[in-house]
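Read through the structure below, which is laid out as C-alpha cells, and then see the notes.
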Amino acid sequence: MKILKSGPGWRLGWNPEAKIYTGLVGTDDWSVELTDTELDDFCRLLLSLASTLGDMAGELMDEEKIACEAESPSLWMEVEGYPDAFSLRFILQGDANATADAVRRCEGSWSPAAVPGLVAAAKTLKVF
C-alpha cells in the first residue's frame, strides 16, 4: 500500500512495504525519501511545532513574528512567522543505515502557503 498526499507546494508519502526508505517529503521542486523513524520524527516534530505556535498566539502582538525549533536524533526543524502563517525548514542530520563514508544528509523548506496542507497531511498520513 502506497500513500502519497500532496497539495500546492508540498508532498508527503508513506510506503510501509518499502525496505528502508518508507517515507517521502518534498515540494513541487524537490523530494527526499526518509526511513520510517525519520518520517515519524518529521510528523511528530511538525505537529508539535504547529501546536506550540497555536498555543502562543494569545501571547503575541498581531505584528509579532516568532521562531521555534525542535529536534530528534535524525532531524532538526524550525518554524518561523506568525501563528497562523509560518514557514517550515528541516535538516536531515544523518541516517542510521549509513556508513561512516556515506552519510545521507539534506535540507528543505516550505513556504507559509504550503505548511497548513502539510500539517493536515501529517496528522492523517498513517491513519486508515
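Just remember, in the C-alpha cells the first chain shown is A, the second B, etc., residues are 1-based per chain, and ligands are 1-based in the order shown.
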Write out as number ranges by chain all residues of chain A that DSSP puts in strand (DSSP E) for this structure's backbone. A: 3-7, 10-14, 23-26, 31-34, 66-71, 75-82, 85-92, 106-110
Write a file of the selected residues as a short mmCIF file (atom, residue, chain, number, x, y, z; two decimals), in the first residue's frame, keeping N, CA and C atoms.
```cif
data_model
loop_
_atom_site.label_atom_id
_atom_site.label_comp_id
_atom_site.auth_asym_id
_atom_site.auth_seq_id
_atom_site.Cartn_x
_atom_site.Cartn_y
_atom_site.Cartn_z
N ILE A 3 0.85 5.48 -0.01
CA ILE A 3 0.03 6.66 0.24
C ILE A 3 0.86 7.88 -0.13
N LEU A 4 0.35 8.71 -1.01
CA LEU A 4 1.00 9.97 -1.35
C LEU A 4 -0.03 11.07 -1.25
N LYS A 5 0.20 11.99 -0.35
CA LYS A 5 -0.67 13.15 -0.19
C LYS A 5 0.10 14.34 -0.73
N SER A 6 -0.59 15.22 -1.42
CA SER A 6 0.08 16.40 -1.98
C SER A 6 -0.90 17.54 -2.12
N GLY A 7 -0.35 18.72 -2.21
CA GLY A 7 -1.11 19.94 -2.40
C GLY A 7 -0.18 20.99 -2.96
N TRP A 10 3.63 21.16 -1.59
CA TRP A 10 4.05 20.14 -0.63
C TRP A 10 3.66 18.74 -1.10
N ARG A 11 4.44 17.76 -0.62
CA ARG A 11 4.15 16.33 -0.82
C ARG A 11 4.58 15.58 0.43
N LEU A 12 3.81 14.56 0.79
CA LEU A 12 4.11 13.72 1.94
C LEU A 12 3.64 12.31 1.61
N GLY A 13 4.55 11.35 1.71
CA GLY A 13 4.18 10.00 1.33
C GLY A 13 4.67 8.95 2.30
N TRP A 14 4.03 7.75 2.20
CA TRP A 14 4.39 6.63 3.05
C TRP A 14 4.16 5.33 2.29
N GLY A 23 9.26 6.66 3.78
CA GLY A 23 8.63 7.97 3.73
C GLY A 23 9.16 8.85 2.63
N LEU A 24 8.39 9.88 2.32
CA LEU A 24 8.81 10.87 1.34
C LEU A 24 8.27 12.23 1.78
N VAL A 25 9.12 13.25 1.76
CA VAL A 25 8.70 14.63 1.99
C VAL A 25 9.24 15.46 0.84
N GLY A 26 8.54 16.54 0.51
CA GLY A 26 9.04 17.38 -0.55
C GLY A 26 8.09 18.50 -0.92
N SER A 31 12.24 16.41 -3.54
CA SER A 31 11.74 15.45 -2.55
C SER A 31 12.92 14.65 -2.02
N VAL A 32 12.72 14.04 -0.86
CA VAL A 32 13.73 13.16 -0.26
C VAL A 32 12.98 12.02 0.41
N GLU A 33 13.56 10.83 0.30
CA GLU A 33 12.99 9.67 0.98
C GLU A 33 13.53 9.61 2.40
N LEU A 34 12.68 9.15 3.32
CA LEU A 34 13.03 9.05 4.73
C LEU A 34 12.82 7.63 5.23
N ILE A 66 7.52 34.90 15.34
CA ILE A 66 8.18 34.02 16.28
C ILE A 66 8.90 32.92 15.50
N ALA A 67 9.95 32.39 16.09
CA ALA A 67 10.65 31.23 15.54
C ALA A 67 10.78 30.20 16.65
N CYS A 68 10.49 28.96 16.33
CA CYS A 68 10.63 27.85 17.27
C CYS A 68 11.34 26.71 16.56
N GLU A 69 12.12 25.97 17.29
CA GLU A 69 12.79 24.82 16.69
C GLU A 69 12.65 23.61 17.61
N ALA A 70 12.80 22.45 17.00
CA ALA A 70 12.75 21.18 17.73
C ALA A 70 13.65 20.20 16.98
N GLU A 71 14.11 19.19 17.69
CA GLU A 71 14.94 18.21 17.01
C GLU A 71 14.82 16.84 17.64
N LEU A 75 16.53 14.52 12.92
CA LEU A 75 16.03 15.73 12.25
C LEU A 75 16.12 16.96 13.13
N TRP A 76 16.33 18.09 12.48
CA TRP A 76 16.19 19.40 13.12
C TRP A 76 15.12 20.13 12.32
N MET A 77 14.18 20.77 13.00
CA MET A 77 13.12 21.52 12.32
C MET A 77 12.93 22.89 12.96
N GLU A 78 12.51 23.84 12.13
CA GLU A 78 12.24 25.20 12.60
C GLU A 78 11.01 25.74 11.89
N VAL A 79 10.15 26.39 12.65
CA VAL A 79 9.05 27.15 12.08
C VAL A 79 9.32 28.62 12.39
N GLU A 80 8.93 29.48 11.45
CA GLU A 80 9.17 30.91 11.64
C GLU A 80 8.05 31.69 10.98
N GLY A 81 7.52 32.66 11.71
CA GLY A 81 6.47 33.51 11.16
C GLY A 81 5.44 33.82 12.21
N TYR A 82 4.18 33.87 11.76
CA TYR A 82 3.05 34.17 12.63
C TYR A 82 2.35 32.86 12.99
N ALA A 85 0.48 31.70 10.00
CA ALA A 85 1.18 31.72 8.71
C ALA A 85 2.69 31.64 8.96
N PHE A 86 3.22 30.43 8.89
CA PHE A 86 4.64 30.27 9.18
C PHE A 86 5.30 29.34 8.17
N SER A 87 6.59 29.58 7.98
CA SER A 87 7.38 28.72 7.10
C SER A 87 7.96 27.57 7.93
N LEU A 88 8.41 26.54 7.23
CA LEU A 88 8.99 25.36 7.87
C LEU A 88 10.30 25.03 7.18
N ARG A 89 11.30 24.71 7.98
CA ARG A 89 12.60 24.31 7.45
C ARG A 89 13.05 23.08 8.21
N PHE A 90 13.71 22.14 7.53
CA PHE A 90 14.23 20.97 8.22
C PHE A 90 15.61 20.61 7.69
N ILE A 91 16.37 19.94 8.53
CA ILE A 91 17.67 19.39 8.15
C ILE A 91 17.69 17.94 8.60
N LEU A 92 17.91 17.04 7.66
CA LEU A 92 18.10 15.64 7.96
C LEU A 92 19.55 15.49 8.38
N CYS A 106 20.41 16.12 4.10
CA CYS A 106 19.75 17.04 3.18
C CYS A 106 18.99 18.07 4.01
N GLU A 107 18.50 19.07 3.33
CA GLU A 107 17.64 20.05 3.99
C GLU A 107 16.61 20.54 3.00
N GLY A 108 15.52 21.05 3.53
CA GLY A 108 14.45 21.56 2.69
C GLY A 108 13.58 22.53 3.46
N SER A 109 12.68 23.18 2.73
CA SER A 109 11.79 24.15 3.37
C SER A 109 10.48 24.26 2.61
N TRP A 110 9.48 24.78 3.30
CA TRP A 110 8.16 25.00 2.75
C TRP A 110 7.73 26.43 3.08
#
```
Residue contacts of Ala122 in chain A (9 Å, only C-alpha atoms) excluding same-chain residues fewer than 5 positions away, as an mmCIF file with C-alpha atoms, in the first residue's frame:
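Resulting contents of part_18.cif:
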```cif
data_model
loop_
_atom_site.group_PDB
_atom_site.id
_atom_site.type_symbol
_atom_site.label_atom_id
_atom_site.label_comp_id
_atom_site.auth_asym_id
_atom_site.auth_seq_id
_atom_site.Cartn_x
_atom_site.Cartn_y
_atom_site.Cartn_z
ATOM 1 C CA LEU A 12 4.113 13.717 1.937
ATOM 2 C CA PHE A 42 9.201 14.572 10.893
ATOM 3 C CA CYS A 43 5.462 14.276 11.507
ATOM 4 C CA ARG A 44 5.785 14.387 15.313
ATOM 5 C CA LEU A 46 5.957 19.270 12.720
ATOM 6 C CA LEU A 47 2.751 18.743 14.697
ATOM 7 C CA GLY A 117 -1.695 21.367 3.986
#
```
All helix (DSSP H, G or I) positions in chain A, as a PyMOL selection string: chain A and resi 36-59+115-124
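Note that the spacing between CA of Ser111 in chain A and CA of Asp40 in chain A amounts to 21.4 Å.
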